[in-house]
Amino acid sequence: MFDVYVLYSPQYDKIYIGYTSDLQARFLSHNELATKGYTMRYRPWEILYTESFHTKQESMKREKQ
């Protein structure tokens with residue numbers, strides 16, 4: 001299973017959309033573990049929305065929408 005997710009940073013009023021096969025680990029990475037990248041600059045993030053898909057291809061297609 002793959003999840004498409006929308007993160008929201010209330011402090012900076014930013015959103016981020018991504019997909020993953022492990023939502024908990026990916027969320028932890030966005031909020032605490034990552035040392036570089038877009039999401040590190042706008043911490044903390046909240047999970048605003050998720051959708052689950054059976055294949056990576058389906059989730060990638062939805063992420064782009």
# chains A, B, ... in the order shown; residues from 1 in each chain; ligands from 1

call {"tool": "residues_around", "arguments": {"residues": "Lys14 of chain A", "least_positions_apart": "5", "cutoff": "10 Å", "atoms": "only C-alpha atoms", "output": "list in words"}}
result
Leu7, Tyr8, Ser9, Thr39, Tyr42, Arg43 and Trp45 of chain A

call {"tool": "select_by_dssp", "arguments": {"residues": "chain A", "states": "helix (DSSP H, G or I)", "output": "list in words"}}
result
Leu23, Gln24, Ala25, Arg26, Phe27, Leu28, Ser29, His30, Asn31, Glu32, Leu33, Tyr38, Thr39, Met40, Arg41, Lys56, Gln57, Glu58, Ser59, Met60, Lys61, Arg62, Glu63 and Lys64 of chain A

call {"tool": "atom_distance", "arguments": {"atom1": "atom CA of Glu58 of chain A", "atom2": "atom CA of Arg41 of chain A"}}
result
28.7 Å

call {"tool": "residues_around", "arguments": {"residues": "Val4 of chain A", "least_positions_apart": "4", "cutoff": "10 Å", "atoms": "only C-alpha atoms", "output": "NGL selection string"}}
result
:A and (17-21 or 23 or 49-53 or 56 or 58-64)

call {"tool": "select_by_dssp", "arguments": {"residues": "chain A", "states": "strand (DSSP E)", "output": "list in words"}}
result
Phe2, Asp3, Val4, Tyr5, Val6, Leu7, Tyr8, Ser9, Lys14, Ile15, Tyr16, Ile17, Gly18, Tyr19, Thr20, Glu46, Ile47, Leu48, Tyr49, Thr50, Glu51, Ser52 and Phe53 of chain A

call {"tool": "residues_around", "arguments": {"residues": "Met40 of chain A", "least_positions_apart": "3", "cutoff": "12 Å", "atoms": "only C-alpha atoms", "output": "short mmCIF file (atom, residue, chain, number, x, y, z; two decimals) with N, CA and C atoms, in the first residue's frame"}}
result
data_model
loop_
_atom_site.label_atom_id
_atom_site.label_comp_id
_atom_site.auth_asym_id
_atom_site.auth_seq_id
_atom_site.Cartn_x
_atom_site.Cartn_y
_atom_site.Cartn_z
N SER A 9 1.97 23.42 7.13
CA SER A 9 2.75 24.14 8.13
C SER A 9 1.97 25.39 8.53
N TYR A 12 3.97 28.79 8.76
CA TYR A 12 4.39 29.45 7.52
C TYR A 12 3.31 29.44 6.44
N LYS A 14 2.22 26.95 4.56
CA LYS A 14 2.74 26.21 3.40
C LYS A 14 2.13 24.82 3.38
N TYR A 16 2.66 20.78 1.50
CA TYR A 16 3.58 19.87 0.81
C TYR A 16 2.80 18.61 0.49
N PHE A 27 6.60 10.92 7.89
CA PHE A 27 6.20 12.08 8.68
C PHE A 27 7.28 12.44 9.70
N LEU A 28 7.85 11.43 10.34
CA LEU A 28 8.94 11.65 11.28
C LEU A 28 10.14 12.29 10.57
N SER A 29 10.42 11.82 9.38
CA SER A 29 11.52 12.38 8.60
C SER A 29 11.26 13.86 8.29
N HIS A 30 10.07 14.19 7.86
CA HIS A 30 9.74 15.58 7.54
C HIS A 30 9.85 16.49 8.77
N ASN A 31 9.44 16.00 9.94
CA ASN A 31 9.39 16.84 11.13
C ASN A 31 10.64 16.82 11.99
N GLU A 32 11.45 15.75 11.91
CA GLU A 32 12.57 15.65 12.85
C GLU A 32 13.89 15.18 12.24
N LEU A 33 13.87 14.19 11.37
CA LEU A 33 15.11 13.53 10.96
C LEU A 33 15.83 14.17 9.78
N ALA A 34 15.10 14.75 8.86
CA ALA A 34 15.73 15.31 7.66
C ALA A 34 16.68 16.45 8.04
N THR A 35 17.79 16.54 7.32
CA THR A 35 18.78 17.58 7.61
C THR A 35 18.88 18.60 6.48
N LYS A 36 18.14 18.38 5.39
CA LYS A 36 18.12 19.36 4.31
C LYS A 36 16.82 19.18 3.52
N GLY A 37 16.51 20.19 2.71
CA GLY A 37 15.34 20.09 1.85
C GLY A 37 14.24 21.07 2.23
N ARG A 43 9.13 23.54 9.25
CA ARG A 43 8.66 22.75 10.39
C ARG A 43 8.01 23.64 11.42
N PRO A 44 7.06 23.14 12.19
CA PRO A 44 6.53 21.78 12.21
C PRO A 44 5.39 21.61 11.20
N TRP A 45 5.20 20.35 10.79
CA TRP A 45 4.16 19.98 9.83
C TRP A 45 3.06 19.22 10.53
#

call {"tool": "decode", "arguments": {"residues": "segment 21-35 of chain A", "atoms": "all heavy atoms", "output": "PDB file, in the first residue's frame"}}
result
ATOM      1  N   SER A  21       5.349   4.645   1.182  1.00  0.00           N
ATOM      2  CA  SER A  21       4.843   3.328   1.587  1.00  0.00           C
ATOM      3  C   SER A  21       4.842   3.186   3.109  1.00  0.00           C
ATOM      4  O   SER A  21       4.356   2.201   3.644  1.00  0.00           O
ATOM      5  CB  SER A  21       5.686   2.220   0.963  1.00  0.00           C
ATOM      6  OG  SER A  21       7.018   2.318   1.406  1.00  0.00           O
ATOM      7  N   ASP A  22       5.392   4.175   3.830  1.00  0.00           N
ATOM      8  CA  ASP A  22       5.433   4.156   5.296  1.00  0.00           C
ATOM      9  C   ASP A  22       5.175   5.571   5.808  1.00  0.00           C
ATOM     10  O   ASP A  22       6.108   6.351   6.018  1.00  0.00           O
ATOM     11  CB  ASP A  22       6.782   3.641   5.776  1.00  0.00           C
ATOM     12  CG  ASP A  22       6.850   3.432   7.279  1.00  0.00           C
ATOM     13  OD1 ASP A  22       5.976   3.961   8.006  1.00  0.00           O
ATOM     14  OD2 ASP A  22       7.781   2.752   7.732  1.00  0.00           O
ATOM     15  N   LEU A  23       3.920   5.890   6.023  1.00  0.00           N
ATOM     16  CA  LEU A  23       3.529   7.256   6.375  1.00  0.00           C
ATOM     17  C   LEU A  23       4.133   7.710   7.700  1.00  0.00           C
ATOM     18  O   LEU A  23       4.609   8.847   7.809  1.00  0.00           O
ATOM     19  CB  LEU A  23       2.004   7.371   6.413  1.00  0.00           C
ATOM     20  CG  LEU A  23       1.434   8.768   6.630  1.00  0.00           C
ATOM     21  CD1 LEU A  23       1.910   9.737   5.550  1.00  0.00           C
ATOM     22  CD2 LEU A  23      -0.077   8.715   6.681  1.00  0.00           C
ATOM     23  N   GLN A  24       4.139   6.862   8.699  1.00  0.00           N
ATOM     24  CA  GLN A  24       4.681   7.257  10.003  1.00  0.00           C
ATOM     25  C   GLN A  24       6.160   7.616   9.910  1.00  0.00           C
ATOM     26  O   GLN A  24       6.595   8.632  10.452  1.00  0.00           O
ATOM     27  CB  GLN A  24       4.472   6.153  11.035  1.00  0.00           C
ATOM     28  CG  GLN A  24       3.040   6.043  11.499  1.00  0.00           C
ATOM     29  CD  GLN A  24       2.878   4.988  12.574  1.00  0.00           C
ATOM     30  OE1 GLN A  24       3.497   3.931  12.518  1.00  0.00           O
ATOM     31  NE2 GLN A  24       2.039   5.277  13.550  1.00  0.00           N
ATOM     32  N   ALA A  25       6.937   6.794   9.226  1.00  0.00           N
ATOM     33  CA  ALA A  25       8.377   7.058   9.088  1.00  0.00           C
ATOM     34  C   ALA A  25       8.628   8.307   8.256  1.00  0.00           C
ATOM     35  O   ALA A  25       9.517   9.111   8.564  1.00  0.00           O
ATOM     36  CB  ALA A  25       9.076   5.857   8.457  1.00  0.00           C
ATOM     37  N   ARG A  26       7.840   8.493   7.223  1.00  0.00           N
ATOM     38  CA  ARG A  26       8.015   9.665   6.360  1.00  0.00           C
ATOM     39  C   ARG A  26       7.655  10.946   7.102  1.00  0.00           C
ATOM     40  O   ARG A  26       8.336  11.962   6.988  1.00  0.00           O
ATOM     41  CB  ARG A  26       7.155   9.516   5.101  1.00  0.00           C
ATOM     42  CG  ARG A  26       7.463  10.529   4.053  1.00  0.00           C
ATOM     43  CD  ARG A  26       8.846  10.247   3.447  1.00  0.00           C
ATOM     44  NE  ARG A  26       9.129  11.246   2.444  1.00  0.00           N
ATOM     45  CZ  ARG A  26      10.223  12.004   2.431  1.00  0.00           C
ATOM     46  NH1 ARG A  26      11.141  11.872   3.350  1.00  0.00           N
ATOM     47  NH2 ARG A  26      10.397  12.889   1.489  1.00  0.00           N
ATOM     48  N   PHE A  27       6.597  10.915   7.889  1.00  0.00           N
ATOM     49  CA  PHE A  27       6.198  12.080   8.677  1.00  0.00           C
ATOM     50  C   PHE A  27       7.282  12.436   9.695  1.00  0.00           C
ATOM     51  O   PHE A  27       7.631  13.607   9.864  1.00  0.00           O
ATOM     52  CB  PHE A  27       4.862  11.805   9.360  1.00  0.00           C
ATOM     53  CG  PHE A  27       4.314  12.982  10.106  1.00  0.00           C
ATOM     54  CD1 PHE A  27       3.994  14.156   9.436  1.00  0.00           C
ATOM     55  CD2 PHE A  27       4.107  12.923  11.471  1.00  0.00           C
ATOM     56  CE1 PHE A  27       3.477  15.254  10.119  1.00  0.00           C
ATOM     57  CE2 PHE A  27       3.596  14.008  12.158  1.00  0.00           C
ATOM     58  CZ  PHE A  27       3.281  15.168  11.488  1.00  0.00           C
ATOM     59  N   LEU A  28       7.846  11.431  10.344  1.00  0.00           N
ATOM     60  CA  LEU A  28       8.945  11.649  11.285  1.00  0.00           C
ATOM     61  C   LEU A  28      10.136  12.288  10.574  1.00  0.00           C
ATOM     62  O   LEU A  28      10.766  13.208  11.089  1.00  0.00           O
ATOM     63  CB  LEU A  28       9.358  10.329  11.945  1.00  0.00           C
ATOM     64  CG  LEU A  28      10.475  10.410  12.968  1.00  0.00           C
ATOM     65  CD1 LEU A  28      10.056  11.248  14.170  1.00  0.00           C
ATOM     66  CD2 LEU A  28      10.887   9.009  13.405  1.00  0.00           C
ATOM     67  N   SER A  29      10.422  11.817   9.380  1.00  0.00           N
ATOM     68  CA  SER A  29      11.515  12.383   8.598  1.00  0.00           C
ATOM     69  C   SER A  29      11.265  13.859   8.291  1.00  0.00           C
ATOM     70  O   SER A  29      12.155  14.695   8.453  1.00  0.00           O
ATOM     71  CB  SER A  29      11.685  11.597   7.296  1.00  0.00           C
ATOM     72  OG  SER A  29      12.677  12.180   6.484  1.00  0.00           O
ATOM     73  N   HIS A  30      10.066  14.189   7.863  1.00  0.00           N
ATOM     74  CA  HIS A  30       9.744  15.583   7.544  1.00  0.00           C
ATOM     75  C   HIS A  30       9.855  16.486   8.775  1.00  0.00           C
ATOM     76  O   HIS A  30      10.329  17.610   8.677  1.00  0.00           O
ATOM     77  CB  HIS A  30       8.328  15.706   6.983  1.00  0.00           C
ATOM     78  CG  HIS A  30       8.179  15.245   5.575  1.00  0.00           C
ATOM     79  ND1 HIS A  30       8.937  15.735   4.536  1.00  0.00           N
ATOM     80  CD2 HIS A  30       7.339  14.332   5.022  1.00  0.00           C
ATOM     81  CE1 HIS A  30       8.568  15.156   3.409  1.00  0.00           C
ATOM     82  NE2 HIS A  30       7.610  14.292   3.674  1.00  0.00           N
ATOM     83  N   ASN A  31       9.441  16.001   9.937  1.00  0.00           N
ATOM     84  CA  ASN A  31       9.388  16.840  11.131  1.00  0.00           C
ATOM     85  C   ASN A  31      10.640  16.817  11.992  1.00  0.00           C
ATOM     86  O   ASN A  31      10.873  17.768  12.723  1.00  0.00           O
ATOM     87  CB  ASN A  31       8.189  16.462  11.997  1.00  0.00           C
ATOM     88  CG  ASN A  31       6.993  17.332  11.712  1.00  0.00           C
ATOM     89  OD1 ASN A  31       7.122  18.442  11.225  1.00  0.00           O
ATOM     90  ND2 ASN A  31       5.824  16.823  12.008  1.00  0.00           N
ATOM     91  N   GLU A  32      11.453  15.748  11.914  1.00  0.00           N
ATOM     92  CA  GLU A  32      12.571  15.647  12.853  1.00  0.00           C
ATOM     93  C   GLU A  32      13.891  15.175  12.243  1.00  0.00           C
ATOM     94  O   GLU A  32      14.941  15.703  12.600  1.00  0.00           O
ATOM     95  CB  GLU A  32      12.204  14.689  13.996  1.00  0.00           C
ATOM     96  CG  GLU A  32      11.055  15.176  14.836  1.00  0.00           C
ATOM     97  CD  GLU A  32      10.690  14.206  15.938  1.00  0.00           C
ATOM     98  OE1 GLU A  32      11.571  13.445  16.391  1.00  0.00           O
ATOM     99  OE2 GLU A  32       9.510  14.186  16.328  1.00  0.00           O
ATOM    100  N   LEU A  33      13.870  14.193  11.369  1.00  0.00           N
ATOM    101  CA  LEU A  33      15.106  13.534  10.961  1.00  0.00           C
ATOM    102  C   LEU A  33      15.829  14.172   9.781  1.00  0.00           C
ATOM    103  O   LEU A  33      17.054  14.120   9.712  1.00  0.00           O
ATOM    104  CB  LEU A  33      14.831  12.058  10.651  1.00  0.00           C
ATOM    105  CG  LEU A  33      14.215  11.237  11.787  1.00  0.00           C
ATOM    106  CD1 LEU A  33      13.935   9.814  11.332  1.00  0.00           C
ATOM    107  CD2 LEU A  33      15.116  11.249  13.009  1.00  0.00           C
ATOM    108  N   ALA A  34      15.102  14.750   8.860  1.00  0.00           N
ATOM    109  CA  ALA A  34      15.728  15.314   7.660  1.00  0.00           C
ATOM    110  C   ALA A  34      16.678  16.450   8.036  1.00  0.00           C
ATOM    111  O   ALA A  34      16.404  17.238   8.943  1.00  0.00           O
ATOM    112  CB  ALA A  34      14.668  15.810   6.692  1.00  0.00           C
ATOM    113  N   THR A  35      17.786  16.542   7.322  1.00  0.00           N
ATOM    114  CA  THR A  35      18.776  17.585   7.606  1.00  0.00           C
ATOM    115  C   THR A  35      18.882  18.603   6.484  1.00  0.00           C
ATOM    116  O   THR A  35      19.657  19.550   6.590  1.00  0.00           O
ATOM    117  CB  THR A  35      20.160  16.965   7.866  1.00  0.00           C
ATOM    118  OG1 THR A  35      20.547  16.191   6.732  1.00  0.00           O
ATOM    119  CG2 THR A  35      20.133  16.088   9.107  1.00  0.00           C
TER     120      THR A  35
END
